[in-house]
file coords.txt (compact mmCIF, C-alpha atoms and all ligand atoms)
# COMPACT_ATOMS: atom_id res chain seq x y z
CA MET A 91 -22.09 31.65 -12.70
CA SER A 92 -18.98 31.32 -14.82
CA LYS A 93 -18.62 29.34 -17.99
CA LEU A 94 -16.99 25.93 -17.54
CA ALA A 95 -13.64 25.45 -19.28
CA ILE A 96 -15.01 22.30 -20.91
CA HIS A 97 -17.49 24.61 -22.71
CA GLY A 98 -14.85 27.17 -23.68
CA GLY A 99 -14.72 29.25 -20.48
CA SER A 100 -11.42 30.16 -18.88
CA PRO A 101 -10.00 27.39 -16.70
CA VAL A 102 -9.41 27.86 -12.99
CA ARG A 103 -5.78 27.00 -13.55
CA THR A 104 -3.38 26.61 -16.46
CA ASP A 105 -0.05 25.97 -14.64
CA PRO A 106 0.89 22.40 -13.85
CA PHE A 107 1.04 21.55 -10.14
CA PRO A 108 4.45 21.21 -8.50
CA ARG A 109 5.82 17.67 -8.58
CA TYR A 110 6.22 15.84 -5.28
CA ASN A 111 9.93 15.57 -4.57
CA THR A 112 11.35 14.37 -1.27
CA VAL A 113 15.01 14.30 -2.29
CA GLY A 114 17.46 17.08 -1.43
CA ASP A 115 21.05 17.85 -0.52
CA GLU A 116 21.00 15.49 2.47
CA GLU A 117 20.37 12.49 0.22
CA LYS A 118 22.94 13.71 -2.29
CA ARG A 119 25.63 13.96 0.38
CA ALA A 120 24.73 10.54 1.78
CA VAL A 121 25.02 8.93 -1.67
CA VAL A 122 28.36 10.60 -2.37
CA GLU A 123 29.70 9.16 0.88
CA VAL A 124 28.77 5.66 -0.29
CA MET A 125 30.39 6.36 -3.64
CA ASP A 126 33.58 7.54 -1.94
CA ASP A 127 33.57 4.32 0.07
CA GLY A 128 33.23 2.31 -3.12
CA VAL A 129 31.37 -0.53 -1.38
CA LEU A 130 27.87 -0.33 -2.84
CA SER A 131 26.54 -3.42 -1.08
CA GLY A 132 27.75 -5.17 2.05
CA PHE A 133 25.82 -8.42 1.64
CA LEU A 134 27.23 -11.91 1.23
CA GLY A 135 24.89 -14.87 0.60
CA GLU A 136 26.49 -17.22 3.12
CA TRP A 137 26.52 -17.55 6.89
CA CYS A 138 29.00 -14.86 8.01
CA PRO A 139 28.69 -11.36 9.51
CA SER A 140 27.96 -9.95 6.04
CA PHE A 141 24.79 -12.07 5.84
CA TYR A 142 23.02 -9.10 7.47
CA GLY A 143 24.23 -6.52 4.94
CA GLY A 144 26.44 -3.46 5.04
CA PRO A 145 26.65 -0.69 7.66
CA ARG A 146 24.00 1.58 6.14
CA VAL A 147 21.53 -1.25 5.60
CA GLN A 148 21.90 -2.21 9.24
CA ALA A 149 21.75 1.42 10.39
CA LEU A 150 18.50 1.94 8.48
CA GLU A 151 17.06 -1.18 10.08
CA ARG A 152 17.97 0.01 13.59
CA ALA A 153 16.55 3.49 12.86
CA TRP A 154 13.35 1.94 11.49
CA GLU A 155 12.96 -0.25 14.58
CA GLN A 156 13.33 2.74 16.85
CA TYR A 157 10.99 4.96 14.85
CA PHE A 158 8.16 2.46 14.54
CA ASP A 159 8.77 0.87 17.95
CA VAL A 160 9.24 -2.67 16.64
CA ARG A 161 11.81 -5.27 17.61
CA HIS A 162 12.96 -6.19 14.10
CA ALA A 163 13.15 -4.37 10.77
CA VAL A 164 14.38 -6.20 7.67
CA THR A 165 15.11 -4.06 4.62
CA VAL A 166 14.32 -5.43 1.15
CA ASN A 167 14.56 -4.17 -2.41
CA SER A 168 10.80 -3.50 -2.74
CA ALA A 169 7.57 -3.89 -0.81
CA THR A 170 6.63 -6.56 -3.34
CA SER A 171 9.69 -8.54 -2.26
CA GLY A 172 8.73 -7.78 1.32
CA LEU A 173 5.24 -9.20 0.84
CA TYR A 174 6.64 -12.33 -0.81
CA ALA A 175 9.16 -12.76 2.00
CA ALA A 176 6.45 -12.27 4.64
CA VAL A 177 4.19 -14.89 3.07
CA GLY A 178 7.15 -17.26 2.88
CA ALA A 179 8.22 -16.56 6.45
CA ALA A 180 4.65 -17.28 7.63
CA GLY A 181 5.09 -20.83 6.33
CA VAL A 182 2.29 -20.50 3.79
CA SER A 183 2.14 -23.67 1.67
CA PRO A 184 0.35 -25.08 -1.39
CA GLY A 185 -3.28 -25.79 -0.52
CA ASP A 186 -3.47 -22.92 1.97
CA GLU A 187 -5.76 -19.94 1.52
CA VAL A 188 -4.74 -16.38 2.25
CA ILE A 189 -7.43 -13.70 2.60
CA VAL A 190 -6.49 -10.63 0.55
CA SER A 191 -7.94 -7.30 -0.53
CA PRO A 192 -9.34 -6.79 -4.04
CA TYR A 193 -8.67 -3.05 -3.82
CA SER A 194 -4.90 -2.61 -3.69
CA MET A 195 -1.73 -2.73 -5.70
CA THR A 196 -1.56 -6.17 -7.37
CA ALA A 197 1.26 -7.58 -5.23
CA SER A 198 -0.83 -7.51 -2.06
CA ALA A 199 -3.01 -10.19 -3.63
CA THR A 200 -0.48 -12.14 -5.71
CA ALA A 201 2.03 -12.75 -2.92
CA PRO A 202 0.36 -16.02 -1.76
CA LEU A 203 0.57 -17.46 -5.29
CA ILE A 204 4.37 -17.45 -5.12
CA TYR A 205 4.09 -20.11 -2.39
CA GLY A 206 1.32 -22.05 -4.10
CA ALA A 207 -1.47 -20.66 -1.91
CA ILE A 208 -4.85 -19.38 -3.05
CA PRO A 209 -5.82 -15.69 -2.71
CA VAL A 210 -9.37 -15.38 -1.33
CA PHE A 211 -10.79 -11.89 -1.78
CA ALA A 212 -12.65 -10.18 1.06
CA ASP A 213 -14.65 -7.05 0.30
CA ILE A 214 -13.79 -3.61 1.68
CA GLU A 215 -15.48 -1.04 3.92
CA PRO A 216 -17.07 1.76 1.92
CA ASP A 217 -15.66 4.47 4.21
CA THR A 218 -11.99 3.52 4.64
CA PHE A 219 -11.61 1.28 1.55
CA CYS A 220 -9.77 -1.24 3.77
CA MET A 221 -10.92 -4.86 4.12
CA SER A 222 -14.00 -5.34 6.25
CA LYS A 223 -13.60 -7.60 9.27
CA ASP A 224 -17.05 -9.10 8.64
CA ALA A 225 -16.10 -9.85 5.03
CA ILE A 226 -12.87 -11.45 6.28
CA ARG A 227 -14.84 -13.57 8.72
CA ARG A 228 -17.10 -14.80 5.92
CA CYS A 229 -14.02 -15.88 3.93
CA LEU A 230 -12.59 -18.08 6.70
CA THR A 231 -12.34 -21.80 5.94
CA PRO A 232 -10.31 -24.60 7.54
CA ARG A 233 -7.70 -23.84 4.84
CA THR A 234 -7.21 -20.19 5.81
CA ARG A 235 -3.63 -19.70 6.90
CA ALA A 236 -3.06 -15.96 6.80
CA ILE A 237 -4.66 -12.56 6.24
CA LEU A 238 -2.86 -10.00 4.10
CA ILE A 239 -4.51 -6.70 4.97
CA VAL A 240 -3.84 -3.30 3.38
CA ASP A 241 -3.89 0.17 4.98
CA LEU A 242 -5.26 1.65 1.80
CA PHE A 243 -4.59 5.26 0.78
CA GLY A 244 -2.91 5.82 4.17
CA HIS A 245 -5.83 4.98 6.47
CA PRO A 246 -5.06 2.13 8.88
CA ALA A 247 -7.22 -0.97 8.53
CA ALA A 248 -9.34 -2.24 11.44
CA MET A 249 -6.34 -4.07 12.87
CA ASN A 250 -7.64 -4.63 16.40
CA ALA A 251 -10.63 -6.59 15.16
CA VAL A 252 -8.51 -8.48 12.62
CA MET A 253 -5.89 -9.44 15.22
CA GLN A 254 -8.68 -10.70 17.46
CA LEU A 255 -10.00 -12.82 14.61
CA ALA A 256 -6.47 -14.09 13.95
CA ARG A 257 -6.06 -15.15 17.58
CA GLU A 258 -9.36 -17.04 17.50
CA HIS A 259 -8.42 -18.91 14.32
CA ASP A 260 -4.63 -19.16 14.70
CA LEU A 261 -3.82 -17.09 11.60
CA VAL A 262 -0.83 -14.99 10.63
CA VAL A 263 -1.61 -11.35 9.82
CA ILE A 264 0.58 -9.51 7.33
CA GLU A 265 -0.11 -5.77 7.21
CA ASP A 266 0.64 -4.06 3.90
CA ALA A 267 1.44 -0.55 5.07
CA ALA A 268 3.09 0.46 1.78
CA GLN A 269 0.89 3.56 1.60
CA ALA A 270 0.65 4.22 5.31
CA ALA A 271 4.08 5.08 6.77
CA GLY A 272 3.35 7.43 9.68
CA ALA A 273 -0.34 6.54 9.99
CA THR A 274 -1.52 5.46 13.43
CA ILE A 275 -4.47 3.80 15.06
CA GLY A 276 -4.99 3.99 18.79
CA GLY A 277 -1.62 5.78 18.95
CA ARG A 278 0.31 2.87 17.39
CA TYR A 279 1.97 2.98 14.01
CA ALA A 280 0.37 1.28 11.02
CA GLY A 281 2.69 -1.47 9.82
CA ALA A 282 3.51 -2.45 13.40
CA LEU A 283 0.05 -3.83 14.15
CA GLY A 284 0.14 -7.29 12.54
CA HIS A 285 2.55 -10.21 12.98
CA MET A 286 4.52 -8.69 10.11
CA GLY A 287 4.18 -5.31 8.40
CA VAL A 288 5.49 -4.23 5.03
CA PHE A 289 6.49 -0.69 4.01
CA SER A 290 7.35 0.50 0.51
CA LEU A 291 10.12 2.92 -0.37
CA ASN A 292 9.32 3.12 -4.06
CA CYS A 293 9.42 6.50 -5.74
CA HIS A 294 5.66 7.14 -5.44
CA LYS A 295 5.41 6.69 -1.71
CA SER A 296 5.63 9.34 1.04
CA ILE A 297 9.32 8.64 1.51
CA GLN A 298 11.42 6.78 -1.00
CA THR A 299 14.74 5.26 -1.99
CA GLY A 300 13.78 4.88 -5.66
CA GLU A 301 12.95 1.23 -5.06
CA GLY A 302 12.97 -0.39 -1.64
CA GLY A 303 10.97 -1.71 1.26
CA VAL A 304 11.09 -2.70 4.91
CA VAL A 305 9.42 -5.61 6.70
CA VAL A 306 8.90 -5.30 10.45
CA THR A 307 7.99 -7.81 13.14
CA ASP A 308 8.23 -8.26 16.90
CA ASP A 309 8.81 -11.99 16.48
CA PRO A 310 12.51 -12.97 16.36
CA ALA A 311 11.77 -16.28 14.61
CA LEU A 312 9.87 -14.51 11.82
CA ALA A 313 12.65 -11.90 11.57
CA GLU A 314 15.21 -14.65 11.04
CA ARG A 315 13.08 -16.31 8.35
CA LEU A 316 12.65 -12.95 6.60
CA GLN A 317 16.41 -12.41 6.65
CA LEU A 318 16.99 -15.89 5.25
CA ILE A 319 14.47 -15.51 2.42
CA ARG A 320 15.96 -12.11 1.58
CA ASN A 321 19.43 -13.55 1.16
CA HIS A 322 19.78 -17.03 -0.39
CA ALA A 323 18.36 -19.02 2.54
CA GLU A 324 19.24 -22.35 0.93
CA ALA A 325 22.95 -21.48 1.03
CA VAL A 326 22.84 -20.22 4.61
CA VAL A 327 20.65 -22.59 6.65
CA GLU A 328 23.34 -25.19 7.23
CA GLY A 329 26.01 -22.78 8.43
CA LYS A 330 23.51 -20.91 10.56
CA GLY A 331 22.13 -24.13 12.01
CA VAL A 332 18.55 -23.58 10.84
CA SER A 333 16.57 -26.83 10.88
CA ASP A 334 13.12 -25.71 9.62
CA LEU A 335 13.56 -25.75 5.85
CA VAL A 336 9.97 -24.81 4.95
CA ASN A 337 10.07 -22.05 2.32
CA MET A 338 13.84 -21.75 2.69
CA VAL A 339 14.34 -21.43 -1.04
CA GLY A 340 15.93 -18.00 -0.88
CA PHE A 341 15.90 -14.98 -3.12
CA ASN A 342 18.04 -11.92 -3.54
CA TYR A 343 15.81 -9.20 -2.06
CA ARG A 344 18.79 -7.26 -0.68
CA MET A 345 18.92 -3.49 -0.47
CA THR A 346 22.08 -1.67 -1.58
CA GLU A 347 24.08 0.73 0.58
CA ILE A 348 23.03 3.61 -1.69
CA GLU A 349 19.33 3.03 -1.09
CA ALA A 350 19.90 2.55 2.64
CA ALA A 351 21.87 5.82 2.82
CA ILE A 352 18.99 7.62 1.11
CA GLY A 353 16.48 5.84 3.35
CA LEU A 354 18.23 7.05 6.51
CA GLU A 355 17.80 10.66 5.36
CA GLN A 356 14.25 10.09 4.17
CA LEU A 357 13.14 8.61 7.47
CA LYS A 358 14.17 11.87 9.19
CA LYS A 359 11.76 13.71 6.88
CA LEU A 360 8.81 11.37 7.27
CA GLU A 361 6.97 13.22 10.02
CA ARG A 362 7.26 16.59 8.28
CA LEU A 363 6.09 15.13 4.95
CA VAL A 364 3.17 13.34 6.60
CA CYS A 365 2.12 16.49 8.46
CA ALA A 366 2.12 18.40 5.17
CA ARG A 367 -0.24 15.80 3.71
CA ILE A 368 -2.53 16.01 6.71
CA ASP A 369 -2.60 19.84 6.48
CA ALA A 370 -3.32 19.74 2.75
CA ALA A 371 -6.11 17.22 3.32
CA ALA A 372 -7.66 19.38 6.05
CA HIS A 373 -7.66 22.33 3.69
CA LEU A 374 -9.28 20.34 0.89
CA THR A 375 -11.82 18.80 3.23
CA SER A 376 -12.94 22.14 4.66
CA GLY A 377 -13.43 23.44 1.11
CA LEU A 378 -15.25 20.39 -0.26
CA ARG A 379 -17.38 19.04 2.54
CA HIS A 380 -20.39 21.28 1.79
CA LEU A 381 -20.62 20.28 -1.85
CA PRO A 382 -23.58 17.98 -2.52
CA GLY A 383 -22.59 14.42 -3.40
CA ILE A 384 -18.86 14.98 -2.75
CA SER A 385 -17.68 13.19 0.41
CA PRO A 386 -14.12 13.87 1.57
CA PRO A 387 -12.17 10.92 3.05
CA ALA A 388 -13.54 9.55 6.30
CA VAL A 389 -11.18 9.18 9.25
CA HIS A 390 -11.96 6.88 12.15
CA PRO A 391 -11.88 8.68 15.51
CA ASP A 392 -8.79 6.86 16.79
CA ALA A 393 -6.92 6.91 13.46
CA ARG A 394 -4.37 9.19 11.87
CA HIS A 395 -4.83 9.15 8.09
CA VAL A 396 -1.69 10.08 6.11
CA TYR A 397 -3.34 10.64 2.71
CA TYR A 398 -1.07 8.76 0.35
CA ALA A 399 -4.14 9.43 -1.78
CA TYR A 400 -7.01 11.80 -1.09
CA ALA A 401 -9.94 9.59 -2.07
CA ILE A 402 -13.29 11.29 -2.44
CA ARG A 403 -16.59 9.46 -2.70
CA PHE A 404 -18.79 10.68 -5.50
CA ASP A 405 -22.57 10.27 -5.49
CA ALA A 406 -23.71 10.93 -9.06
CA ALA A 407 -27.40 11.28 -8.13
CA LYS A 408 -26.63 13.99 -5.58
CA VAL A 409 -24.00 15.75 -7.70
CA GLY A 410 -26.29 15.75 -10.72
CA THR A 411 -23.93 14.31 -13.30
CA SER A 412 -21.86 11.19 -13.90
CA ARG A 413 -18.42 10.77 -12.39
CA LYS A 414 -16.95 10.64 -15.88
CA ARG A 415 -18.46 14.00 -16.92
CA PHE A 416 -17.49 15.62 -13.63
CA VAL A 417 -13.87 14.46 -13.86
CA GLU A 418 -13.63 15.59 -17.49
CA ALA A 419 -14.91 19.02 -16.49
CA MET A 420 -12.37 19.19 -13.63
CA ARG A 421 -9.53 18.23 -15.95
CA ALA A 422 -10.59 21.02 -18.31
CA GLU A 423 -10.33 23.41 -15.34
CA GLY A 424 -6.70 22.31 -14.94
CA ILE A 425 -7.17 19.86 -12.06
CA PRO A 426 -6.14 16.28 -12.83
CA LEU A 427 -8.26 13.72 -10.97
CA GLY A 428 -8.36 9.92 -11.07
CA GLU A 429 -11.50 7.83 -11.60
CA GLY A 430 -11.74 4.69 -9.51
CA TYR A 431 -8.41 3.28 -8.39
CA VAL A 432 -7.40 -0.20 -9.53
CA ARG A 433 -9.82 -2.61 -11.13
CA PRO A 434 -10.91 -5.18 -8.52
CA LEU A 435 -7.93 -7.49 -8.63
CA TYR A 436 -9.85 -10.74 -9.12
CA LEU A 437 -10.95 -9.41 -12.52
CA GLU A 438 -7.33 -9.48 -13.76
CA PRO A 439 -6.70 -12.12 -16.47
CA MET A 440 -4.50 -14.20 -14.16
CA TYR A 441 -7.49 -14.91 -11.88
CA GLN A 442 -10.08 -15.06 -14.63
CA GLN A 443 -8.05 -17.66 -16.51
CA ARG A 444 -6.61 -19.26 -13.37
CA THR A 445 -3.13 -19.29 -14.82
CA ALA A 446 -0.41 -18.31 -12.38
CA VAL A 447 2.57 -20.63 -11.90
CA GLY A 448 3.35 -22.86 -14.86
CA ARG A 449 1.13 -24.25 -17.61
CA ASP A 450 -1.23 -26.42 -15.64
CA GLY A 451 -3.13 -23.88 -13.56
CA PHE A 452 -1.07 -24.24 -10.39
CA PRO A 453 -1.94 -23.47 -7.63
CA PHE A 454 -5.66 -23.28 -8.51
CA THR A 455 -5.59 -26.87 -9.79
CA TYR A 456 -3.24 -28.26 -7.13
CA ALA A 457 -4.34 -31.80 -6.24
CA GLY A 458 -4.04 -31.05 -2.52
CA TYR A 459 -6.54 -28.21 -2.89
CA ASP A 460 -10.14 -29.34 -2.98
CA ARG A 461 -12.05 -26.08 -3.18
CA GLU A 462 -12.78 -23.69 -5.97
CA VAL A 463 -12.88 -20.03 -4.98
CA SER A 464 -14.84 -17.50 -6.96
CA TYR A 465 -13.23 -14.71 -8.94
CA ASP A 466 -16.50 -13.77 -10.67
CA ARG A 467 -17.72 -10.23 -11.20
CA GLY A 468 -20.05 -9.48 -8.31
CA LEU A 469 -17.75 -11.18 -5.78
CA CYS A 470 -16.95 -7.95 -3.87
CA PRO A 471 -19.81 -5.55 -4.62
CA VAL A 472 -18.52 -2.66 -2.50
CA THR A 473 -15.14 -2.70 -4.24
CA GLU A 474 -16.80 -2.86 -7.64
CA ARG A 475 -19.10 0.04 -6.79
CA MET A 476 -16.19 2.15 -5.51
CA HIS A 477 -14.12 1.46 -8.58
CA ASP A 478 -16.86 1.76 -11.19
CA PHE A 479 -18.84 4.69 -9.77
CA GLU A 480 -17.78 6.30 -6.53
CA VAL A 481 -14.04 6.84 -5.96
CA VAL A 482 -12.41 10.01 -7.25
CA LEU A 483 -8.71 10.45 -6.49
CA CYS A 484 -7.29 13.91 -5.99
CA TYR A 485 -3.50 13.95 -6.41
CA GLN A 486 -2.95 17.41 -4.91
CA CYS A 487 -2.43 16.39 -1.32
CA HIS A 488 1.27 16.44 -0.45
CA ALA A 489 4.19 18.57 0.70
CA GLY A 490 5.35 21.31 -1.64
CA LEU A 491 1.90 22.61 -2.61
CA THR A 492 1.06 26.21 -1.77
CA ARG A 493 -2.17 27.50 -0.28
CA LYS A 494 -3.00 28.80 -3.76
CA ASP A 495 -2.49 25.35 -5.32
CA LEU A 496 -4.96 23.85 -2.86
CA ASP A 497 -7.38 26.76 -3.27
CA ASP A 498 -7.37 26.18 -7.03
CA VAL A 499 -8.46 22.58 -6.44
CA VAL A 500 -11.28 23.72 -4.17
CA ARG A 501 -12.34 26.53 -6.52
CA ALA A 502 -12.54 24.13 -9.45
CA PHE A 503 -14.64 21.65 -7.46
CA CYS A 504 -17.00 24.48 -6.48
CA LYS A 505 -17.16 25.87 -10.01
CA VAL A 506 -17.98 22.51 -11.60
CA SER A 507 -20.48 21.68 -8.84
CA GLU A 508 -22.29 25.00 -9.22
CA ASN A 509 -22.47 24.65 -12.99
CA VAL A 510 -23.29 20.98 -13.07
CA ALA A 511 -26.61 21.60 -14.86
CA ALA A 512 -24.64 22.74 -17.90
CA LEU A 513 -22.84 19.37 -18.04
CA SER A 514 -25.72 16.99 -18.55
C1 LIG B 601 3.32 0.46 -3.71
C2 LIG B 601 2.58 -0.64 -3.10
C3 LIG B 601 3.10 -1.94 -3.04
C4 LIG B 601 4.34 -2.37 -3.75
O1 LIG B 601 5.44 -1.58 -3.44
P1 LIG B 601 6.82 -1.77 -4.25
O2 LIG B 601 7.82 -1.22 -3.30
O3 LIG B 601 6.68 -0.96 -5.50
O4 LIG B 601 7.01 -3.19 -4.54
C5 LIG B 601 2.39 -2.90 -2.36
N1 LIG B 601 1.23 -2.62 -1.78
C6 LIG B 601 0.68 -1.39 -1.83
C7 LIG B 601 -0.61 -1.14 -1.14
C8 LIG B 601 1.34 -0.36 -2.50
O5 LIG B 601 0.78 0.85 -2.58

call {"tool": "encode", "arguments": {"input": "coords.txt", "output": "structure tokens", "more": "lines below"}}
Ligand SMILES: *Cc1c(COP(=O)(O)O)cnc(C)c1O
result
Amino acid sequence: MSKLAIHGGSPVRTDPFPRYNTVGDEEKRAVVEVMDDGVLSGFLGEWCPSFYGGPRVQALERAWEQYFDVRHAVTVNSATSGLYAAVGAAGVSPGDEVIVSPYSMTASATAPLIYGAIPVFADIEPDTFCMSKDAIRRCLTPRTRAILIVDLFGHPAAMNAVMQLAREHDLVVIEDAAQAAGATIGGRYAGALGHMGVFSLNCHKSIQTGEGGVVVTDDPALAERLQLIRNHAEAVVEGKGVSDLVNMVGFNYRMTEIEAAIGLEQLKKLERLVCARIDAAAHLTSGLRHLPGISPPAVHPDARHVYYAYAIRFDAAKVGTSRKRFVEAMRAEGIPLGEGYVRPLYLEPMYQQRTAVGRDGFPFTYAGYDREVSYDRGLCPVTERMHDFEVVLCYQCHAGLTRKDLDDVVRAFCKVSENVAALS
């Protein structure tokens, strides 16, 4: 027995953990080359060769296609933009419903609202935290147009079952793989499993360009619509001879040459960075799996989890104290942990007050929409339980951590678990 730091004992660790940093000399050199060129973006918002962007943007897209084995990659300035573009490209319209996850970054649920469609929340699986195919099935109505599914924390969603459902009901599936670059299921890359897939290159993700994203698809018609929405579609359709004007109000979602140059170098590092996460997770899991009430992340037999987050499930009855007390004790030992993840998204004020676009409650009040979906507490009980009681996020699961760093995490978990009686 040793005295817990929260009660004045000496903490397992006093040093901060190393920061995750994926950027090195390769990125620096690539950026300087762009600077020497002086052309920081190669895009023009009209129908001409520059409609597709500069040389590095196009090189990143070709490299991304090759890496993920997809026919088309379209870079964008964020995954949020990518999700909006994907919803637009799918032809989603006011009065449509899009099935979304309540347990994700907000944009994976808000994207349909931009096109006047209604987000319908389907509950998650308690083991992978991704949307449950049975919950999705229960959300289907004649108005369902698309499913926006998330590979949460780096574990691929049950895409085979969801694609089957989509075929039966003629739906478009958009896979939000923002957290899952390098994950696979059945040997195929996450992000490449739906009709469109969206990756994030923001500074928190496994690889990054500061801000950025990539949308992929095997469908040339969708790829063209994504490119149009990215770059002022309304000013391009005539010159390009595009006749379907649905959702062809364009945006500027264009990536700069600097970000693309960084992205080209980052993509080369992806496999190494992902392997480091998988190794770190294996080390944590072997140290934690015997602790009562602490369940390391589950991995489906045919999946490769890339651990954007290492999400533990916490069973307070078996551990012998509340999640809150346990996490406080861990923090005192020098190990930062997160409680929950995001609040179930339907509990955000925008849904509670049904105020999204404009003053009059559009699209919830749209005259062409005759249903009222629920955003009440209790709607997705698994998500609520995970957020309120069960999920604990461990941030020490990435490249750049030493064996000792990971051992400290394990030692602190063991110490707090063994001394849990002193906490209550
Ligand atoms: C980070 C993230 C996004 C948004 O990515 P940005 O590039 O910051 O817009 C969307 N969905 C999920 C699941 C994410 O983790």

call {"tool": "closest_residue", "arguments": {"input": "coords.txt", "among": "A:Ala401, A:Asp126, A:Ala282, A:Pro232", "to": "Gly185 of chain A", "atoms": "all atoms listed in the file"}}
result
A:Pro232

call {"tool": "atom_distance", "arguments": {"input": "coords.txt", "atom1": "atom CA of Gly284 of chain A", "atom2": "atom CA of Val263 of chain A"}}
result
5.2 Å

call {"tool": "axis_aligned_box", "arguments": {"input": "coords.txt", "around": "ligand LIG 601 (chain B)", "padding_each_side": "8 Å", "output": "lines of an AutoDock Vina configuration file"}}
result
center_x = 3.6
center_y = -1.2
center_z = -3.3
size_x = 24.4
size_y = 20.0
size_z = 20.4

call {"tool": "residues_around", "arguments": {"input": "coords.txt", "residues": "Ala149 of chain A", "least_positions_apart": "5", "cutoff": "10 Å", "atoms": "all atoms listed in the file", "output": "mmCIF file with C-alpha atoms, in the frame of the given file"}}
result
data_model
loop_
_atom_site.group_PDB
_atom_site.id
_atom_site.type_symbol
_atom_site.label_atom_id
_atom_site.label_comp_id
_atom_site.auth_asym_id
_atom_site.auth_seq_id
_atom_site.Cartn_x
_atom_site.Cartn_y
_atom_site.Cartn_z
ATOM 1 C CA GLY A 143 24.230 -6.520 4.940
ATOM 2 C CA GLY A 144 26.440 -3.460 5.040
ATOM 3 C CA TRP A 154 13.350 1.940 11.490
ATOM 4 C CA GLU A 155 12.960 -0.250 14.580
ATOM 5 C CA ALA A 350 19.900 2.550 2.640
ATOM 6 C CA ALA A 351 21.870 5.820 2.820
ATOM 7 C CA GLY A 353 16.480 5.840 3.350
ATOM 8 C CA LEU A 354 18.230 7.050 6.510
#

call {"tool": "residues_around", "arguments": {"input": "coords.txt", "residues": "segment 209-219 of chain A", "least_positions_apart": "5", "cutoff": "8 Å", "atoms": "all atoms listed in the file", "output": "PDB file with C-alpha atoms, in the coordinates of the input"}}
result
ATOM      1  CA  GLU A 187      -5.760 -19.940   1.520  1.00  0.00           C
ATOM      2  CA  VAL A 188      -4.740 -16.380   2.250  1.00  0.00           C
ATOM      3  CA  ILE A 189      -7.430 -13.700   2.600  1.00  0.00           C
ATOM      4  CA  VAL A 190      -6.490 -10.630   0.550  1.00  0.00           C
ATOM      5  CA  SER A 191      -7.940  -7.300  -0.530  1.00  0.00           C
ATOM      6  CA  PRO A 192      -9.340  -6.790  -4.040  1.00  0.00           C
ATOM      7  CA  TYR A 193      -8.670  -3.050  -3.820  1.00  0.00           C
ATOM      8  CA  ALA A 199      -3.010 -10.190  -3.630  1.00  0.00           C
ATOM      9  CA  THR A 200      -0.480 -12.140  -5.710  1.00  0.00           C
ATOM     10  CA  PRO A 202       0.360 -16.020  -1.760  1.00  0.00           C
ATOM     11  CA  LEU A 203       0.570 -17.460  -5.290  1.00  0.00           C
ATOM     12  CA  ALA A 225     -16.100  -9.850   5.030  1.00  0.00           C
ATOM     13  CA  ILE A 226     -12.870 -11.450   6.280  1.00  0.00           C
ATOM     14  CA  CYS A 229     -14.020 -15.880   3.930  1.00  0.00           C
ATOM     15  CA  LEU A 242      -5.260   1.650   1.800  1.00  0.00           C
ATOM     16  CA  HIS A 245      -5.830   4.980   6.470  1.00  0.00           C
ATOM     17  CA  ALA A 247      -7.220  -0.970   8.530  1.00  0.00           C
ATOM     18  CA  PRO A 387     -12.170  10.920   3.050  1.00  0.00           C
ATOM     19  CA  ALA A 388     -13.540   9.550   6.300  1.00  0.00           C
ATOM     20  CA  VAL A 389     -11.180   9.180   9.250  1.00  0.00           C
ATOM     21  CA  TYR A 436      -9.850 -10.740  -9.120  1.00  0.00           C
ATOM     22  CA  VAL A 463     -12.880 -20.030  -4.980  1.00  0.00           C
ATOM     23  CA  LEU A 469     -17.750 -11.180  -5.780  1.00  0.00           C
ATOM     24  CA  CYS A 470     -16.950  -7.950  -3.870  1.00  0.00           C
ATOM     25  CA  PRO A 471     -19.810  -5.550  -4.620  1.00  0.00           C
ATOM     26  CA  VAL A 472     -18.520  -2.660  -2.500  1.00  0.00           C
ATOM     27  CA  THR A 473     -15.140  -2.700  -4.240  1.00  0.00           C
ATOM     28  CA  MET A 476     -16.190   2.150  -5.510  1.00  0.00           C
TER      29      MET A 476
END

call {"tool": "residues_around", "arguments": {"input": "coords.txt", "residues": "Tyr459 of chain A", "least_positions_apart": "6", "cutoff": "10 Å", "atoms": "only C-alpha atoms", "output": "list in words"}}
result
Pro184, Gly185, Asp186, Glu187, Ala207, Ile208, Arg233 and Pro453 of chain A

call {"tool": "closest_residue", "arguments": {"input": "coords.txt", "among": "A:Lys358, A:Val252, A:Val499, A:Glu480", "to": "Thr375 of chain A", "atoms": "all atoms listed in the file"}}
result
A:Val499

call {"tool": "residues_around", "arguments": {"input": "coords.txt", "residues": "Leu255 of chain A", "least_positions_apart": "2", "cutoff": "12 Å", "atoms": "all atoms listed in the file", "output": "PyMOL selection string"}}
result
chain A and resi 222-230+234+236-237+248-253+257-263+284

call {"tool": "closest_residue", "arguments": {"input": "coords.txt", "among": "A:Val447, A:Ala489, A:Val102, A:Ile96", "to": "Cys504 of chain A", "atoms": "all atoms listed in the file"}}
result
A:Val102

call {"tool": "atom_distance", "arguments": {"input": "coords.txt", "atom1": "atom CA of His390 of chain A", "atom2": "atom CA of Ala280 of chain A"}}
result
13.6 Å
